[in-house]
>>> print(open('my_file-v6.cif').read())   # mmCIF, C-alpha atoms and all ligand atoms
data_data
#
loop_
_atom_site.label_atom_id
_atom_site.label_comp_id
_atom_site.auth_asym_id
_atom_site.auth_seq_id
_atom_site.Cartn_x
_atom_site.Cartn_y
_atom_site.Cartn_z
CA MET A 1468 86.80 142.69 88.46
CA ALA A 1469 87.93 140.36 91.24
CA THR A 1470 87.68 143.32 93.64
CA ASP A 1471 84.01 143.88 92.74
CA ILE A 1472 83.28 140.21 93.17
CA LYS A 1473 85.00 140.13 96.53
CA ALA A 1474 83.09 143.21 97.67
CA ALA A 1475 79.82 141.55 96.65
CA LEU A 1476 80.77 138.32 98.41
CA ARG A 1477 81.66 140.22 101.54
CA ARG A 1478 78.11 141.65 101.62
CA GLN A 1479 76.42 138.26 101.41
CA ARG A 1480 74.43 137.04 104.40
CA ILE A 1481 73.31 133.44 104.81
CA GLU A 1482 70.90 132.48 107.59
CA THR A 1483 71.21 129.20 109.46
CA PRO A 1484 68.16 127.37 110.90
CA SER A 1485 68.07 126.51 114.60
CA TRP A 1486 66.59 123.10 113.79
CA ALA A 1487 69.64 122.06 111.78
CA PHE A 1488 71.62 121.76 115.02
CA GLY A 1489 69.27 119.31 116.75
CA ASN A 1490 68.89 115.59 116.15
CA SER A 1491 66.85 114.74 113.10
CA GLY A 1492 65.99 111.85 110.87
CA THR A 1493 63.24 110.35 108.82
CA ARG A 1494 60.00 108.70 109.85
CA PHE A 1495 62.04 105.51 110.16
CA LYS A 1496 64.64 106.69 112.63
CA VAL A 1497 65.95 109.81 114.33
CA PHE A 1498 69.64 109.29 115.00
CA SER A 1499 71.15 110.73 118.17
CA GLN A 1500 74.47 112.47 117.79
CA ARG A 1501 76.73 113.31 120.69
CA GLY A 1502 77.04 116.91 121.80
CA VAL A 1503 73.90 118.27 120.15
CA PRO A 1504 72.16 121.24 121.81
CA ARG A 1505 69.75 120.64 124.67
CA ASP A 1506 67.88 123.91 124.34
CA PRO A 1507 67.49 126.97 122.08
CA TYR A 1508 70.36 128.74 123.83
CA GLU A 1509 72.76 125.99 122.86
CA LYS A 1510 71.43 125.93 119.29
CA LEU A 1511 72.29 129.62 119.02
CA ALA A 1512 75.74 128.95 120.44
CA ASP A 1513 76.31 126.35 117.71
CA ALA A 1514 74.99 128.63 115.00
CA ALA A 1515 77.45 131.26 116.24
CA GLN A 1516 80.26 128.82 115.42
CA VAL A 1517 79.11 128.71 111.80
CA HIS A 1518 79.33 132.49 111.68
CA ARG A 1519 82.65 132.50 113.52
CA PHE A 1520 84.33 130.39 110.86
CA THR A 1521 82.55 131.65 107.73
CA GLY A 1522 81.92 135.29 108.62
CA VAL A 1523 78.74 135.36 106.52
CA ALA A 1524 76.12 133.64 108.68
CA PRO A 1525 75.19 136.31 111.24
CA THR A 1526 71.52 135.39 111.79
CA VAL A 1527 69.67 132.29 112.93
CA ALA A 1528 66.07 131.37 112.13
CA LEU A 1529 63.96 130.25 115.07
CA HIS A 1530 61.14 127.76 114.99
CA ILE A 1531 58.19 128.11 117.34
CA PRO A 1532 57.41 126.05 119.42
CA TRP A 1533 60.65 124.05 119.00
CA ASP A 1534 62.53 127.08 120.28
CA LYS A 1535 59.95 128.14 122.85
CA VAL A 1536 61.42 129.99 125.82
CA ASP A 1537 59.93 132.06 128.64
CA ASP A 1538 61.85 135.18 127.77
CA TYR A 1539 62.46 135.87 124.08
CA ALA A 1540 64.17 139.19 124.72
CA ASP A 1541 66.67 137.26 126.84
CA LEU A 1542 67.18 134.71 124.05
CA ALA A 1543 67.85 137.54 121.59
CA ARG A 1544 70.32 139.05 124.07
CA HIS A 1545 72.08 135.70 124.41
CA ALA A 1546 72.29 135.45 120.61
CA ARG A 1547 73.83 138.91 120.38
CA GLU A 1548 76.40 138.02 123.05
CA ALA A 1549 77.28 134.89 121.09
CA GLY A 1550 77.77 137.03 117.99
CA VAL A 1551 74.58 136.32 116.04
CA GLY A 1552 71.12 137.83 115.63
CA ILE A 1553 67.64 136.36 115.38
CA GLY A 1554 66.46 135.89 111.79
CA ALA A 1555 63.14 134.63 110.53
CA ILE A 1556 60.54 133.26 112.91
CA ASN A 1557 59.19 129.97 111.57
CA SER A 1558 55.66 129.14 112.61
CA ASN A 1559 54.43 125.61 113.21
CA VAL A 1560 50.84 124.67 112.58
CA PHE A 1561 51.52 121.08 111.67
CA GLN A 1562 52.48 119.07 114.72
CA ASP A 1563 49.33 119.08 116.88
CA ASP A 1564 46.61 116.41 116.65
CA ASP A 1565 44.14 119.23 116.06
CA TYR A 1566 45.72 119.83 112.66
CA MET A 1567 44.99 116.41 111.20
CA LEU A 1568 42.59 117.93 108.67
CA GLY A 1569 44.48 121.19 108.31
CA SER A 1570 45.30 124.30 110.30
CA VAL A 1571 44.15 127.62 108.82
CA THR A 1572 42.17 125.74 106.16
CA ASN A 1573 40.59 123.24 108.55
CA PRO A 1574 36.81 122.92 108.18
CA ASP A 1575 36.49 123.43 111.96
CA ALA A 1576 36.48 127.13 112.92
CA ASP A 1577 37.94 126.42 116.38
CA VAL A 1578 41.00 124.77 114.87
CA ARG A 1579 41.38 127.64 112.42
CA ARG A 1580 41.28 130.09 115.32
CA LYS A 1581 43.92 128.11 117.22
CA ALA A 1582 46.21 128.10 114.19
CA LEU A 1583 45.73 131.82 113.59
CA ASP A 1584 46.43 132.58 117.25
CA HIS A 1585 49.75 130.75 116.88
CA LEU A 1586 50.67 132.77 113.81
CA LEU A 1587 49.83 136.00 115.63
CA GLU A 1588 51.90 134.84 118.61
CA CYS A 1589 54.81 134.43 116.20
CA VAL A 1590 54.47 138.10 115.27
CA ASP A 1591 54.58 138.94 119.00
CA ILE A 1592 57.84 136.97 119.15
CA MET A 1593 59.14 139.00 116.21
CA ASP A 1594 58.45 142.14 118.23
CA LEU A 1595 60.31 140.71 121.23
CA THR A 1596 63.33 139.43 119.32
CA GLY A 1597 63.62 142.18 116.73
CA SER A 1598 63.02 139.71 113.89
CA ASP A 1599 61.60 141.28 110.74
CA THR A 1600 60.47 138.13 108.94
CA LEU A 1601 57.75 135.57 109.60
CA LYS A 1602 57.91 132.37 107.58
CA LEU A 1603 54.66 130.59 106.91
CA TRP A 1604 54.58 127.03 105.77
CA PHE A 1605 51.28 125.15 105.85
CA SER A 1606 51.12 121.39 105.73
CA ASP A 1607 47.42 121.80 104.98
CA GLY A 1608 45.80 119.75 102.28
CA THR A 1609 43.76 116.64 101.65
CA ASN A 1610 44.53 113.00 100.95
CA TYR A 1611 41.45 111.93 99.03
CA PRO A 1612 39.33 113.38 96.25
CA GLY A 1613 36.15 114.83 97.73
CA GLN A 1614 37.58 114.95 101.25
CA ASP A 1615 37.06 118.72 101.51
CA ASP A 1616 36.13 121.58 99.24
CA ILE A 1617 39.25 122.83 97.46
CA ARG A 1618 37.86 126.31 96.85
CA SER A 1619 36.56 126.84 100.41
CA ARG A 1620 39.98 125.94 101.71
CA GLN A 1621 41.45 128.73 99.59
CA ASP A 1622 38.90 131.14 101.11
CA ARG A 1623 39.91 130.07 104.63
CA LEU A 1624 43.59 130.43 103.76
CA ALA A 1625 43.04 133.94 102.37
CA GLU A 1626 41.18 134.94 105.54
CA ALA A 1627 44.00 133.78 107.82
CA LEU A 1628 46.72 135.36 105.70
CA ALA A 1629 44.87 138.69 105.73
CA ALA A 1630 44.61 138.58 109.52
CA VAL A 1631 48.35 137.92 109.87
CA TYR A 1632 49.17 140.57 107.31
CA ASP A 1633 47.13 143.17 109.23
CA ARG A 1634 49.02 142.34 112.42
CA LEU A 1635 52.48 142.95 110.88
CA GLY A 1636 54.25 146.04 112.17
CA GLU A 1637 56.45 148.58 110.48
CA GLY A 1638 59.38 146.92 108.72
CA GLN A 1639 57.95 143.43 109.21
CA ARG A 1640 56.95 141.03 106.46
CA PHE A 1641 55.85 137.47 105.98
CA LEU A 1642 57.18 134.95 103.51
CA LEU A 1643 54.71 132.37 102.23
CA GLU A 1644 56.25 129.01 101.44
CA TYR A 1645 54.82 126.54 98.95
CA LYS A 1646 55.35 122.82 98.68
CA LEU A 1647 54.05 120.43 96.08
CA PHE A 1648 53.03 117.63 98.41
CA GLU A 1649 53.72 116.02 101.78
CA PRO A 1650 52.27 115.51 104.28
CA ALA A 1651 49.10 115.88 102.20
CA PHE A 1652 49.14 113.60 99.19
CA TYR A 1653 46.16 114.61 97.06
CA THR A 1654 45.80 118.40 97.31
CA THR A 1655 48.08 120.82 99.10
CA ASP A 1656 46.59 124.22 99.85
CA VAL A 1657 49.76 126.12 98.88
CA PRO A 1658 51.30 123.69 96.38
CA ASP A 1659 53.23 126.01 94.07
CA TRP A 1660 54.68 129.45 93.52
CA GLY A 1661 51.64 130.61 91.55
CA THR A 1662 49.29 130.01 94.46
CA ALA A 1663 51.67 131.67 96.92
CA TYR A 1664 52.21 134.57 94.53
CA ALA A 1665 48.48 135.17 93.98
CA HIS A 1666 47.80 135.33 97.72
CA CYS A 1667 50.77 137.65 98.28
CA VAL A 1668 49.83 140.00 95.45
CA LYS A 1669 46.35 140.46 96.91
CA LEU A 1670 47.75 141.33 100.32
CA GLY A 1671 50.46 143.84 99.46
CA PRO A 1672 54.18 144.55 99.75
CA LYS A 1673 54.67 142.95 103.17
CA ALA A 1674 53.76 139.53 101.73
CA GLN A 1675 56.34 137.74 99.61
CA VAL A 1676 57.05 134.25 98.38
CA VAL A 1677 59.84 132.06 99.73
CA VAL A 1678 61.32 129.44 97.42
CA ASP A 1679 62.34 126.23 99.17
CA THR A 1680 64.56 124.55 96.60
CA GLY A 1681 63.35 121.08 97.66
CA HIS A 1682 59.65 121.74 97.18
CA HIS A 1683 59.15 121.24 93.45
CA ALA A 1684 58.31 118.45 91.07
CA PRO A 1685 61.41 116.82 89.59
CA GLY A 1686 62.65 118.75 86.58
CA THR A 1687 61.07 122.07 87.58
CA ASN A 1688 63.05 125.05 86.33
CA ILE A 1689 63.53 126.85 89.64
CA GLU A 1690 65.63 129.66 88.21
CA PHE A 1691 62.73 130.65 85.98
CA ILE A 1692 60.52 131.00 89.05
CA VAL A 1693 63.24 133.10 90.69
CA ALA A 1694 63.55 135.39 87.66
CA PHE A 1695 59.78 135.82 87.44
CA LEU A 1696 59.18 136.52 91.13
CA LEU A 1697 62.07 138.97 91.30
CA ARG A 1698 60.74 140.87 88.32
CA GLU A 1699 57.43 141.20 90.16
CA GLY A 1700 59.07 142.27 93.41
CA LYS A 1701 57.64 139.18 95.10
CA LEU A 1702 60.69 137.07 95.87
CA GLY A 1703 61.28 137.29 99.61
CA GLY A 1704 63.90 134.64 100.08
CA PHE A 1705 65.05 131.07 99.84
CA ASP A 1706 64.97 127.98 101.96
CA PHE A 1707 68.09 126.40 100.50
CA ASN A 1708 68.66 122.66 100.53
CA SER A 1709 69.26 119.84 98.06
CA ARG A 1710 66.98 117.11 96.88
CA PHE A 1711 67.47 113.94 94.95
CA TYR A 1712 63.88 112.70 95.27
CA ALA A 1713 61.39 114.75 97.31
CA ASP A 1714 61.87 117.18 100.22
CA ASP A 1715 65.20 115.61 101.15
CA ASP A 1716 66.61 118.63 103.05
CA LEU A 1717 70.17 117.61 102.19
CA MET A 1718 73.01 120.11 102.12
CA VAL A 1719 72.49 122.88 99.57
CA GLY A 1720 74.72 122.51 96.53
CA SER A 1721 75.42 118.85 97.23
CA ALA A 1722 72.98 117.28 94.76
CA ASP A 1723 73.06 119.86 91.98
CA PRO A 1724 75.62 122.66 92.35
CA PHE A 1725 74.90 123.74 88.76
CA GLN A 1726 71.27 124.43 89.63
CA LEU A 1727 72.38 126.51 92.60
CA PHE A 1728 74.67 128.50 90.31
CA ARG A 1729 71.80 129.10 87.86
CA ILE A 1730 69.57 130.28 90.69
CA MET A 1731 72.22 132.64 92.04
CA TYR A 1732 72.80 134.00 88.56
CA GLU A 1733 69.10 134.94 88.27
CA VAL A 1734 69.15 136.53 91.72
CA ILE A 1735 72.06 138.72 90.67
CA ARG A 1736 70.65 139.37 87.20
CA GLY A 1737 67.31 140.41 88.69
CA GLY A 1738 68.91 142.87 91.10
CA GLY A 1739 67.94 140.73 94.07
CA TYR A 1740 71.38 140.37 95.52
CA ASP A 1741 71.36 143.65 97.37
CA GLU A 1742 67.65 143.65 98.13
CA ARG A 1743 66.07 142.01 101.12
CA ILE A 1744 66.27 138.53 99.63
CA ALA A 1745 66.82 136.17 102.55
CA PHE A 1746 69.30 133.39 101.82
CA MET A 1747 68.18 130.90 104.44
CA LEU A 1748 69.21 127.29 104.87
CA ASP A 1749 66.44 124.80 105.63
CA GLN A 1750 68.24 121.54 106.17
CA CYS A 1751 68.58 118.58 108.47
CA HIS A 1752 71.85 116.79 109.04
CA ASN A 1753 70.62 113.30 109.80
CA ILE A 1754 73.86 111.39 109.37
CA GLU A 1755 76.61 114.01 109.15
CA PRO A 1756 77.82 116.22 112.01
CA LYS A 1757 75.64 119.28 112.20
CA ILE A 1758 77.91 122.30 112.66
CA PRO A 1759 80.32 121.21 109.89
CA GLY A 1760 77.26 120.38 107.76
CA GLN A 1761 76.13 123.97 108.11
CA ILE A 1762 79.62 125.34 107.46
CA ARG A 1763 79.89 123.26 104.29
CA SER A 1764 76.45 124.46 103.17
CA VAL A 1765 77.34 128.11 103.69
CA MET A 1766 80.52 127.54 101.67
CA ASN A 1767 78.53 125.86 98.90
CA VAL A 1768 76.26 128.90 98.63
CA GLN A 1769 79.30 131.18 98.58
CA GLU A 1770 80.91 129.14 95.80
CA ALA A 1771 77.78 129.22 93.65
CA THR A 1772 77.47 132.96 94.28
CA ALA A 1773 81.09 133.63 93.35
CA LYS A 1774 80.67 131.70 90.10
CA ALA A 1775 77.45 133.54 89.29
CA LEU A 1776 79.19 136.85 89.94
CA LEU A 1777 81.90 135.77 87.50
CA VAL A 1778 79.52 135.59 84.54
CA ASP A 1779 80.79 138.17 82.06
CA GLY A 1780 77.62 140.24 81.61
CA ASP A 1781 78.87 142.22 78.61
CA ALA A 1782 80.05 139.18 76.70
CA LEU A 1783 76.81 137.38 77.52
CA ALA A 1784 74.62 140.29 76.40
CA LYS A 1785 76.58 140.57 73.15
CA ALA A 1786 76.28 136.88 72.37
CA GLN A 1787 72.57 136.92 73.24
CA ALA A 1788 71.91 139.97 71.06
CA GLU A 1789 73.72 138.32 68.17
CA GLY A 1790 71.77 135.12 68.60
CA ASP A 1791 75.03 133.32 69.25
CA VAL A 1792 73.58 130.35 71.10
CA LEU A 1793 76.82 128.50 71.69
CA GLY A 1794 78.73 131.67 72.50
CA ALA A 1795 76.20 132.70 75.13
CA ASN A 1796 76.13 129.26 76.64
CA GLY A 1797 79.94 129.25 76.60
CA VAL A 1798 80.10 132.48 78.61
CA PHE A 1799 77.78 130.94 81.17
CA MET A 1800 79.70 127.69 81.40
CA ASP A 1801 83.07 129.44 81.65
CA ALA A 1802 81.89 131.08 84.84
CA TYR A 1803 80.44 127.87 86.23
CA ASN A 1804 83.58 125.91 85.45
CA THR A 1805 85.87 128.38 87.21
CA ASP A 1806 87.39 127.11 90.43
CA VAL A 1807 86.57 129.87 92.94
CA ARG A 1808 87.93 128.18 96.03
CA ALA A 1809 91.22 130.11 96.04
CA LEU A 1810 89.34 133.39 95.63
CA LEU A 1811 87.13 132.59 98.62
CA ALA A 1812 90.11 131.49 100.72
CA GLU A 1813 91.81 134.79 99.93
CA LEU A 1814 88.67 136.70 100.80
CA ARG A 1815 88.49 134.98 104.18
CA GLU A 1816 92.11 135.74 104.94
CA GLU A 1817 91.55 139.37 104.07
CA SER A 1818 88.66 139.39 106.56
CA GLY A 1819 90.84 137.89 109.29
CA LEU A 1820 89.32 134.43 109.00
CA ASP A 1821 90.97 131.09 108.51
CA PRO A 1822 90.95 130.32 104.76
CA ASP A 1823 89.73 126.80 105.55
CA PRO A 1824 86.53 127.05 107.69
CA MET A 1825 86.00 123.27 107.87
CA GLY A 1826 89.53 122.63 109.12
CA ALA A 1827 89.47 125.62 111.44
CA TYR A 1828 86.30 124.36 113.09
CA ARG A 1829 87.74 120.85 113.41
CA ARG A 1830 90.84 122.24 115.10
CA SER A 1831 88.96 124.70 117.33
CA GLY A 1832 88.28 122.33 120.22
CA TYR A 1833 84.54 123.13 120.04
CA PRO A 1834 83.47 119.66 118.80
CA GLU A 1835 85.15 117.97 121.79
CA LYS A 1836 83.85 120.62 124.19
CA ILE A 1837 80.17 120.09 123.29
CA VAL A 1838 80.49 116.32 123.44
CA ALA A 1839 82.00 116.61 126.93
CA GLU A 1840 79.58 119.22 128.24
CA ARG A 1841 76.27 118.20 126.74
CA VAL A 1842 74.55 115.00 127.64
CA GLY A 1843 71.09 114.12 126.31
CA GLY A 1844 70.84 116.44 123.31
CA ALA A 1845 67.35 117.22 122.10
CA GLN A 1846 65.60 116.30 118.89
CA ALA A 1847 65.15 119.20 116.52
CA GLY A 1848 61.46 118.46 116.52
CA TRP A 1849 61.72 117.50 112.90
CA GLY A 1850 61.21 113.77 112.51
CA ALA A 1851 60.34 113.60 108.84
C1 LIG B 1 58.64 122.06 105.27
O1 LIG B 1 58.73 121.16 104.43
C2 LIG B 1 59.21 123.37 105.07
O2 LIG B 1 60.38 123.25 104.29
C3 LIG B 1 59.48 124.28 106.24
O3 LIG B 1 60.08 125.43 105.77
C4 LIG B 1 60.43 123.79 107.27
O4 LIG B 1 61.19 122.71 106.91
C5 LIG B 1 59.79 123.56 108.60
O5 LIG B 1 58.81 124.49 108.85
C6 LIG B 1 60.83 123.66 109.69
O6 LIG B 1 60.80 124.93 110.19
ZN ZN B 2 61.35 125.14 103.93
ZN ZN B 3 60.63 121.42 103.28
#
>>> encode(input="my_file-v6.cif", output="structure tokens", more="lines below")
Ligand code: AOS
Ligand code: ZN
Ligand code: ZN
Amino acid sequence: MATDIKAALRRQRIETPSWAFGNSGTRFKVFSQRGVPRDPYEKLADAAQVHRFTGVAPTVALHIPWDKVDDYADLARHAREAGVGIGAINSNVFQDDDYMLGSVTNPDADVRRKALDHLLECVDIMDLTGSDTLKLWFSDGTNYPGQDDIRSRQDRLAEALAAVYDRLGEGQRFLLEYKLFEPAFYTTDVPDWGTAYAHCVKLGPKAQVVVDTGHHAPGTNIEFIVAFLLREGKLGGFDFNSRFYADDDLMVGSADPFQLFRIMYEVIRGGGYDERIAFMLDQCHNIEPKIPGQIRSVMNVQEATAKALLVDGDALAKAQAEGDVLGANGVFMDAYNTDVRALLAELREESGLDPDPMGAYRRSGYPEKIVAERVGGAQAGWGA
């Protein structure tokens, strides 16, 4: 039993986001931390530390244009040398003045063209870096009733998505992200999983939905969405983070580790664990140090996964079939209440890693090295 669980945990891959390593904050203040990366190369070097100490974070998501470089093949080479690969390419059609009224859903055709050109450029970057996944998040929406035609905006969105879909090469896919609100406060053009799902179904197998755990109304049952999308073959991955209020982007598993466990259980139950489900982190470390913040997050995902793997499937199925409500719930809770930290420490030791990734990083000399070597670290690009 423990051997199976360890084997499954050894296969897990968690992707870190380049923007987690840069300075970040809220619209009130971006705090500067010492030693943060000054360019995409240094972000990849930091991400490589997360992989070095956890052994399960071998890819890094890029964000264009925050990670814009002249030579993407060279950036990918640098990543490989540092011990990591390039993961999803995140597009950005939200930071230019042109996008005030939307990007691909903007009423102005010139703005729509500009946004689409950026998305297509991101696919070019996938070709150059070897990335197989494009992540699409649109801040598009409206603030006031009547501001624009809700239905026409869906038509414009569908047109842009079809153009991107047609450009995807062999083995490439895009993940469409939804978000209830913010920055638009009245309508959002991709507000929920149903909207994302409907667009993806129309397009075909290379279009899937990505679930950002911070993008729902309070109280939403995210594991239900996971179970449903997996059953339909439309779950492409996760942007993991924690929320207390809105899109807080706090460390995954910090606000509600039980929810993370329930999500991971549905992933495993739905057969998604060994499919191409991308376990990505989408977080900002505004007040905590960034590399340890990422290491802790990776460990939190591992702990939730280990607990979900511990659910006794036979006992659960029996209790469910017998209508034994408390028995079934008990099987579930037994797994959740198991302390898996020793198991994970053992697993790391068996893989030649330090059993304590947080301590190992602290003792590695890397934190002091980056503070000494890097002056004037850059903002992640993410202010809010
Ligand atoms: C925005 O709220 C979304 O979560 C995005 O996935 C992401 O945070 C942003 O695009 C940074 O890449
Ligand atoms: Zn996200
Ligand atoms: Zn978000």
>>> residues_around(input="my_file-v6.cif", residues="Arg1729 (chain A)", least_positions_apart="6", cutoff="10 Å", atoms="all atoms listed in the file", output="compact mmCIF listing (two decimals) with C-alpha atoms, in the frame of the given file")
# COMPACT_ATOMS: atom_id res chain seq x y z
CA ASN A 1688 63.05 125.05 86.33
CA ILE A 1689 63.53 126.85 89.64
CA GLU A 1690 65.63 129.66 88.21
CA PHE A 1691 62.73 130.65 85.98
CA VAL A 1693 63.24 133.10 90.69
CA ALA A 1771 77.78 129.22 93.65
CA THR A 1772 77.47 132.96 94.28
CA LYS A 1774 80.67 131.70 90.10
CA ALA A 1775 77.45 133.54 89.29
CA PHE A 1799 77.78 130.94 81.17
CA TYR A 1803 80.44 127.87 86.23
>>> atom_distance(input="my_file-v6.cif", atom1="CA of Ile1531 (chain A)", atom2="CA of Asp1565 (chain A)")
16.7 Å
>>> closest_atom_pairs(input="my_file-v6.cif", of="region 1613-1647 of chain A", to="region 1662-1678 of chain A", cutoff="6 Å", atoms="only C-alpha atoms", output="CSV")
residue,atom,partner,partner_atom,distance
A:Arg1640,CA,A:Lys1673,CA,4.4
A:Phe1641,CA,A:Ala1674,CA,5.2
A:Leu1642,CA,A:Gln1675,CA,4.9
A:Leu1643,CA,A:Val1676,CA,4.9
A:Glu1644,CA,A:Val1677,CA,5.0
>>> closest_residue(input="my_file-v6.cif", among="A:Leu1793, A:Leu1529, A:Leu1568, A:Val1838", to="ligand LIG 1 (chain B)", atoms="all atoms listed in the file")
A:Leu1529
>>> residues_around(input="my_file-v6.cif", residues="Gln1769 (chain A)", least_positions_apart="4", cutoff="8 Å", atoms="all atoms listed in the file", output="VMD selection string")
chain A and resid 1476 1765 1773 1811
>>> residues_around(input="my_file-v6.cif", residues="Gln1750 (chain A)", least_positions_apart="5", cutoff="8 Å", atoms="only C-alpha atoms", output="list of chain:residue names")
A:Pro1484, A:Trp1486, A:Ala1487, A:Phe1707, A:Asn1708, A:Asp1716, A:Leu1717, A:Met1718, A:Val1719
>>> residues_near_ligand(input="my_file-v6.cif", ligand="ligand LIG 1 (chain B)", cutoff="6 Å", atoms="all atoms listed in the file", output="list in words")
His1530, Asn1557, Trp1604 and Asp1749 of chain A
>>> residues_near_ligand(input="my_file-v6.cif", ligand="ligand ZN 3 (chain B)", cutoff="8 Å", atoms="all atoms listed in the file", output="JSON, numbers by chain")
{"A": [1646, 1679, 1681, 1682, 1706, 1714, 1715, 1716, 1749]}
>>> closest_residue(input="my_file-v6.cif", among="A:Ser1606, A:Ala1524, A:Met1593, A:Tyr1833", to="ligand ZN 2 (chain B)", atoms="all atoms listed in the file")
A:Ser1606
>>> residues_around(input="my_file-v6.cif", residues="Arg1808 (chain A)", least_positions_apart="2", cutoff="12 Å", atoms="only C-alpha atoms", output="list in words")
Met1766, Asn1767, Val1768, Gln1769, Glu1770, Ala1771, Thr1772, Ala1773, Lys1774, Asn1804, Thr1805, Asp1806, Leu1810, Leu1811, Ala1812, Glu1813, Leu1814, Arg1815, Pro1822, Asp1823 and Pro1824 of chain A
>>> write_last_selection(input="my_file-v6.cif", atoms="C-alpha atoms", output="PDB file, keeping the file's coordinate frame")
ATOM      1  CA  MET A1766      80.520 127.540 101.670  1.00  0.00           C
ATOM      2  CA  ASN A1767      78.530 125.860  98.900  1.00  0.00           C
ATOM      3  CA  VAL A1768      76.260 128.900  98.630  1.00  0.00           C
ATOM      4  CA  GLN A1769      79.300 131.180  98.580  1.00  0.00           C
ATOM      5  CA  GLU A1770      80.910 129.140  95.800  1.00  0.00           C
ATOM      6  CA  ALA A1771      77.780 129.220  93.650  1.00  0.00           C
ATOM      7  CA  THR A1772      77.470 132.960  94.280  1.00  0.00           C
ATOM      8  CA  ALA A1773      81.090 133.630  93.350  1.00  0.00           C
ATOM      9  CA  LYS A1774      80.670 131.700  90.100  1.00  0.00           C
ATOM     10  CA  ASN A1804      83.580 125.910  85.450  1.00  0.00           C
ATOM     11  CA  THR A1805      85.870 128.380  87.210  1.00  0.00           C
ATOM     12  CA  ASP A1806      87.390 127.110  90.430  1.00  0.00           C
ATOM     13  CA  LEU A1810      89.340 133.390  95.630  1.00  0.00           C
ATOM     14  CA  LEU A1811      87.130 132.590  98.620  1.00  0.00           C
ATOM     15  CA  ALA A1812      90.110 131.490 100.720  1.00  0.00           C
ATOM     16  CA  GLU A1813      91.810 134.790  99.930  1.00  0.00           C
ATOM     17  CA  LEU A1814      88.670 136.700 100.800  1.00  0.00           C
ATOM     18  CA  ARG A1815      88.490 134.980 104.180  1.00  0.00           C
ATOM     19  CA  PRO A1822      90.950 130.320 104.760  1.00  0.00           C
ATOM     20  CA  ASP A1823      89.730 126.800 105.550  1.00  0.00           C
ATOM     21  CA  PRO A1824      86.530 127.050 107.690  1.00  0.00           C
TER      22      PRO A1824
END
